[in-house]
Amino acid sequence: MNLILLGPPGAGKGTQAKRITETHGFPQISTGDILREALKNGTEMGLKAKSFMDQGKLVPDEVVIGIIDDRLRQGDCKSGLILDGFPRNVAQAEALGKLLDRLGKQIDFVIDLSVEEGELVQRICGRRTCKKCGMGYHISFTPPVADGICDKCGGELSQRSDDNEETVKKRFSVYKEQSEQLGAFYSTTGRYRKLNGMADINEVYRSIEEIIGAA
Ligand code: ADP
Ligand code: AMP
């Protein structure tokens, strides 16, 4: 099962991808996570991406397409994968199509989570992530049992440096200009499904299971 999760920043793509991985084992491939890891490790790619990420702009297509090209060839993608945060524009979607063709793969479903902007700001500003295992939390909606500590592994929770109101505004405008149109791009494939991402996390997940279970 090969899935693409679409939706604005904060829509719940990472949250749902982790749930799907837990249940089905398909790896979550998040270009944002890969870029943050590269930055943490001080690689050339990470340093190149930093200024774009800090400003809420898209990292150049050749960088993220290169990431996906490498990642899709890895053995754990054989039985399925979940793309989270890629593609982000039509050029990336077209490049993905070519990569998949070359690998003899195809996308089974494109799941697009829609959430109102006011809710997205709240979600993003309250988002926290475990430094150790990557588990996601929200300070009000899904808080950890102990403040700042991951329930799963005891790791320290941190806030992303681009999860501030100013950068969020830029990320929303980039989404509207470049990413929102991917809904129209994929809607002709018969594999596009739009979901109400405003619903409770469990409810969104149930809807995803209905979609992928029907395949
Ligand atoms: P994305 O990967 O699309 O940027 P995340 O999955 O990281 O978004 O979710 C953003 C924040 O919103 C996180 O703090 C997460 O816990 C919270 N969240 C995700 N889905 C929901 C939901 N359905 N209802 C309330 N909060 C949610
Ligand atoms: P995310 O973790 O998906 O919210 O992404 C965080 C940041 O990483 C974005 O604001 C971009 O700067 C960069 N990024 C992640 N994925 C992509 C992509 N597919 N194309 C370009 N930039 C990306």
# chains A, B, ... in the order shown; residues from 1 in each chain; ligands from 1

call {"tool": "residues_near_ligand", "arguments": {"ligand": "ligand 1", "cutoff": "10 Å", "atoms": "only C-alpha atoms and all ligand atoms", "output": "VMD selection string"}}
result
chain A and resid 5 to 18 30 32 to 33 84 to 85 113 to 115 119 to 129 135 to 143 159 163 196 to 205

call {"tool": "write_last_selection", "arguments": {"atoms": "N, CA and C atoms", "output": "short mmCIF file (atom, residue, chain, number, x, y, z; two decimals), in the first residue's frame"}}
result
data_model
loop_
_atom_site.label_atom_id
_atom_site.label_comp_id
_atom_site.auth_asym_id
_atom_site.auth_seq_id
_atom_site.Cartn_x
_atom_site.Cartn_y
_atom_site.Cartn_z
N LEU A 5 -0.04 11.49 1.95
CA LEU A 5 -0.89 12.30 2.82
C LEU A 5 -0.67 13.76 2.44
N LEU A 6 -1.76 14.43 2.07
CA LEU A 6 -1.69 15.85 1.73
C LEU A 6 -2.41 16.65 2.80
N GLY A 7 -2.14 17.95 2.82
CA GLY A 7 -2.85 18.83 3.76
C GLY A 7 -1.91 19.93 4.22
N PRO A 8 -2.47 21.03 4.70
CA PRO A 8 -1.64 22.16 5.14
C PRO A 8 -0.79 21.80 6.35
N PRO A 9 0.19 22.65 6.68
CA PRO A 9 0.99 22.41 7.89
C PRO A 9 0.06 22.31 9.10
N GLY A 10 0.26 21.28 9.90
CA GLY A 10 -0.55 21.10 11.10
C GLY A 10 -1.83 20.32 10.88
N ALA A 11 -2.06 19.82 9.67
CA ALA A 11 -3.34 19.13 9.38
C ALA A 11 -3.44 17.78 10.08
N GLY A 12 -2.28 17.22 10.48
CA GLY A 12 -2.31 15.91 11.13
C GLY A 12 -1.66 14.81 10.31
N LYS A 13 -0.89 15.19 9.29
CA LYS A 13 -0.27 14.18 8.41
C LYS A 13 0.69 13.28 9.20
N GLY A 14 1.57 13.91 9.97
CA GLY A 14 2.55 13.13 10.74
C GLY A 14 1.87 12.25 11.78
N THR A 15 0.86 12.80 12.45
CA THR A 15 0.13 12.05 13.48
C THR A 15 -0.50 10.80 12.87
N GLN A 16 -1.16 10.98 11.74
CA GLN A 16 -1.85 9.84 11.11
C GLN A 16 -0.85 8.87 10.49
N ALA A 17 0.24 9.41 9.92
CA ALA A 17 1.26 8.53 9.32
C ALA A 17 1.82 7.58 10.38
N LYS A 18 2.06 8.13 11.58
CA LYS A 18 2.62 7.28 12.66
C LYS A 18 1.64 6.18 13.04
N SER A 30 8.87 11.33 5.74
CA SER A 30 8.58 12.76 5.90
C SER A 30 9.81 13.54 5.46
N GLY A 32 10.21 16.66 5.73
CA GLY A 32 10.53 17.60 6.81
C GLY A 32 11.42 16.93 7.87
N ASP A 33 11.06 15.71 8.27
CA ASP A 33 11.87 14.99 9.28
C ASP A 33 13.27 14.71 8.75
N ASP A 84 4.69 11.82 3.56
CA ASP A 84 4.15 12.84 4.46
C ASP A 84 4.94 14.13 4.21
N GLY A 85 4.29 15.10 3.56
CA GLY A 85 4.99 16.37 3.28
C GLY A 85 5.68 16.38 1.93
N LEU A 113 -6.10 15.92 3.97
CA LEU A 113 -6.75 16.32 5.23
C LEU A 113 -7.05 17.81 5.19
N SER A 114 -8.33 18.18 5.34
CA SER A 114 -8.63 19.62 5.33
C SER A 114 -8.97 20.10 6.74
N VAL A 115 -8.35 21.21 7.11
CA VAL A 115 -8.52 21.79 8.46
C VAL A 115 -8.57 23.31 8.31
N GLU A 119 -7.71 26.75 13.43
CA GLU A 119 -7.38 25.50 14.14
C GLU A 119 -5.92 25.11 13.86
N LEU A 120 -5.47 25.34 12.63
CA LEU A 120 -4.09 24.97 12.27
C LEU A 120 -3.08 25.76 13.09
N VAL A 121 -3.35 27.06 13.29
CA VAL A 121 -2.42 27.89 14.07
C VAL A 121 -2.32 27.33 15.48
N GLN A 122 -3.47 27.01 16.06
CA GLN A 122 -3.46 26.43 17.43
C GLN A 122 -2.69 25.13 17.49
N ARG A 123 -2.92 24.28 16.47
CA ARG A 123 -2.24 22.98 16.45
C ARG A 123 -0.73 23.15 16.35
N ILE A 124 -0.31 24.05 15.46
CA ILE A 124 1.13 24.20 15.21
C ILE A 124 1.82 24.83 16.41
N CYS A 125 1.19 25.85 16.99
CA CYS A 125 1.85 26.54 18.11
C CYS A 125 1.92 25.64 19.35
N GLY A 126 1.02 24.65 19.45
CA GLY A 126 1.05 23.76 20.62
C GLY A 126 1.74 22.43 20.35
N ARG A 127 2.29 22.28 19.14
CA ARG A 127 2.92 20.99 18.79
C ARG A 127 4.24 20.81 19.54
N ARG A 128 4.44 19.61 20.06
CA ARG A 128 5.71 19.25 20.69
C ARG A 128 6.08 17.86 20.17
N THR A 129 7.39 17.61 20.08
CA THR A 129 7.86 16.33 19.53
C THR A 129 8.94 15.77 20.43
N MET A 135 7.80 10.87 18.73
CA MET A 135 6.37 10.86 19.05
C MET A 135 5.85 12.31 19.15
N GLY A 136 4.66 12.55 18.56
CA GLY A 136 4.11 13.90 18.54
C GLY A 136 3.07 14.12 19.64
N TYR A 137 3.04 15.34 20.18
CA TYR A 137 2.05 15.71 21.22
C TYR A 137 1.51 17.09 20.90
N HIS A 138 0.45 17.46 21.61
CA HIS A 138 -0.04 18.83 21.59
C HIS A 138 -0.27 19.24 23.03
N ILE A 139 0.21 20.43 23.40
CA ILE A 139 0.16 20.80 24.82
C ILE A 139 -1.27 20.84 25.39
N SER A 140 -2.28 21.10 24.54
CA SER A 140 -3.66 21.09 25.04
C SER A 140 -4.44 19.87 24.57
N PHE A 141 -4.30 19.49 23.29
CA PHE A 141 -5.17 18.44 22.73
C PHE A 141 -4.71 17.03 23.08
N THR A 142 -3.40 16.80 23.06
CA THR A 142 -2.88 15.45 23.39
C THR A 142 -1.62 15.61 24.25
N PRO A 143 -1.79 16.16 25.45
CA PRO A 143 -0.60 16.42 26.28
C PRO A 143 0.00 15.12 26.84
N GLN A 159 10.05 21.92 20.91
CA GLN A 159 9.19 22.64 19.96
C GLN A 159 10.03 22.95 18.73
N ASP A 163 7.90 26.46 14.23
CA ASP A 163 6.51 26.46 14.71
C ASP A 163 6.21 27.73 15.52
N ASN A 196 -12.19 15.09 6.36
CA ASN A 196 -12.32 16.19 7.32
C ASN A 196 -11.27 16.01 8.43
N GLY A 197 -10.20 16.80 8.32
CA GLY A 197 -9.11 16.70 9.29
C GLY A 197 -9.41 17.42 10.60
N MET A 198 -10.61 18.06 10.68
CA MET A 198 -11.01 18.75 11.92
C MET A 198 -11.51 17.75 12.96
N ALA A 199 -11.82 16.55 12.50
CA ALA A 199 -12.36 15.54 13.43
C ALA A 199 -11.27 15.10 14.42
N ASP A 200 -11.73 14.42 15.44
CA ASP A 200 -10.85 13.85 16.46
C ASP A 200 -9.81 12.90 15.81
N ILE A 201 -8.62 12.82 16.41
CA ILE A 201 -7.53 12.01 15.83
C ILE A 201 -7.98 10.57 15.53
N ASN A 202 -8.71 9.97 16.47
CA ASN A 202 -9.14 8.58 16.28
C ASN A 202 -10.14 8.46 15.13
N GLU A 203 -10.99 9.49 15.03
CA GLU A 203 -12.00 9.46 13.97
C GLU A 203 -11.35 9.60 12.59
N VAL A 204 -10.37 10.51 12.49
CA VAL A 204 -9.66 10.67 11.21
C VAL A 204 -8.99 9.34 10.87
N TYR A 205 -8.40 8.72 11.87
CA TYR A 205 -7.70 7.46 11.62
C TYR A 205 -8.68 6.37 11.14
#

call {"tool": "residues_near_ligand", "arguments": {"ligand": "ligand 2", "cutoff": "7 Å", "atoms": "only C-alpha atoms and all ligand atoms", "output": "ChimeraX atom specification"}}
result
/A:9,30-33,35,52-53,56-61,64,84-88,171

call {"tool": "write_last_selection", "arguments": {"atoms": "C-alpha atoms", "output": "JSON list (two decimals), in the first residue's frame"}}
result
[["chain", "number", "residue", "atom", "x", "y", "z"],
["A", 9, "PRO", "CA", 0.99, 22.41, 7.89],
["A", 30, "SER", "CA", 8.58, 12.76, 5.90],
["A", 31, "THR", "CA", 10.81, 15.11, 3.92],
["A", 32, "GLY", "CA", 10.53, 17.60, 6.81],
["A", 33, "ASP", "CA", 11.87, 14.99, 9.28],
["A", 35, "LEU", "CA", 15.71, 17.61, 6.43],
["A", 52, "PHE", "CA", 14.52, 28.01, 3.53],
["A", 53, "MET", "CA", 13.03, 26.14, 6.49],
["A", 56, "GLY", "CA", 8.91, 28.86, 5.95],
["A", 57, "LYS", "CA", 9.80, 28.58, 2.26],
["A", 58, "LEU", "CA", 10.03, 25.38, 0.24],
["A", 59, "VAL", "CA", 13.48, 23.84, 0.03],
["A", 60, "PRO", "CA", 14.53, 23.64, -3.68],
["A", 61, "ASP", "CA", 12.86, 20.84, -5.61],
["A", 64, "VAL", "CA", 13.74, 17.06, -1.87],
["A", 84, "ASP", "CA", 4.15, 12.84, 4.46],
["A", 85, "GLY", "CA", 4.99, 16.37, 3.28],
["A", 86, "PHE", "CA", 6.00, 15.30, -0.23],
["A", 87, "PRO", "CA", 5.02, 16.27, -2.89],
["A", 88, "ARG", "CA", 4.52, 19.97, -2.06],
["A", 171, "ARG", "CA", 4.06, 28.36, 5.44]]

call {"tool": "residues_around", "arguments": {"residues": "Asp76 of chain A", "least_positions_apart": "2", "cutoff": "12 Å", "atoms": "only C-alpha atoms", "output": "list of chain:residue names"}}
result
A:Thr21, A:Gly25, A:Phe26, A:Pro27, A:Gln28, A:Ile29, A:Arg71, A:Leu72, A:Arg73, A:Gln74, A:Lys78, A:Ser79, A:Gly80, A:Leu81, A:Ile82

call {"tool": "closest_residue", "arguments": {"among": "A:Val145, A:Cys130, A:Cys150, A:Ala91", "to": "Gln181 of chain A", "atoms": "only C-alpha atoms"}}
result
A:Ala91

call {"tool": "closest_residue", "arguments": {"among": "A:Ile4, A:Lys131, A:Ser207, A:Ile212", "to": "Ala93 of chain A", "atoms": "only C-alpha atoms"}}
result
A:Ile4

call {"tool": "select_by_dssp", "arguments": {"residues": "segment 1-212 of chain A", "states": "helix (DSSP H, G or I)", "output": "JSON, numbers by chain"}}
result
{"A": [13, 14, 15, 16, 17, 18, 19, 20, 21, 22, 23, 24, 31, 32, 33, 34, 35, 36, 37, 38, 39, 40, 44, 45, 46, 47, 48, 49, 50, 51, 52, 53, 54, 61, 62, 63, 64, 65, 66, 67, 68, 69, 70, 71, 72, 75, 76, 77, 90, 91, 92, 93, 94, 95, 96, 97, 98, 99, 100, 101, 102, 103, 117, 118, 119, 120, 121, 122, 123, 124, 125, 165, 166, 167, 168, 169, 170, 171, 172, 173, 174, 175, 176, 177, 178, 179, 182, 183, 184, 185, 186, 187, 201, 202, 203, 204, 205, 206, 207, 208, 209, 210, 211, 212]}

call {"tool": "select_by_dssp", "arguments": {"residues": "segment 36-185 of chain A", "states": "strand (DSSP E)", "output": "NGL selection string"}}
result
:A and (81-84 or 109-114 or 127-130 or 136-138 or 157-158)

call {"tool": "closest_residue", "arguments": {"among": "A:Ala38, A:Phe109, A:Phe185, A:Glu62", "to": "Glu209 of chain A", "atoms": "only C-alpha atoms"}}
result
A:Phe109

call {"tool": "atom_distance", "arguments": {"atom1": "atom CA of Lys176 of chain A", "atom2": "atom CA of Val90 of chain A"}}
result
12.7 Å

call {"tool": "closest_residue", "arguments": {"among": "A:Lys132, A:Arg206, A:Arg19, A:Arg191", "to": "Val110 of chain A", "atoms": "only C-alpha atoms"}}
result
A:Arg191

call {"tool": "residues_around", "arguments": {"residues": "Leu39 of chain A", "least_positions_apart": "2", "cutoff": "12 Å", "atoms": "only C-alpha atoms", "output": "PyMOL selection string"}}
result
chain A and resi 32-37+41-54

call {"tool": "closest_residue", "arguments": {"among": "A:Asp147, A:Asp70, A:Ile208, A:Glu117", "to": "Ser173 of chain A", "atoms": "only C-alpha atoms"}}
result
A:Glu117
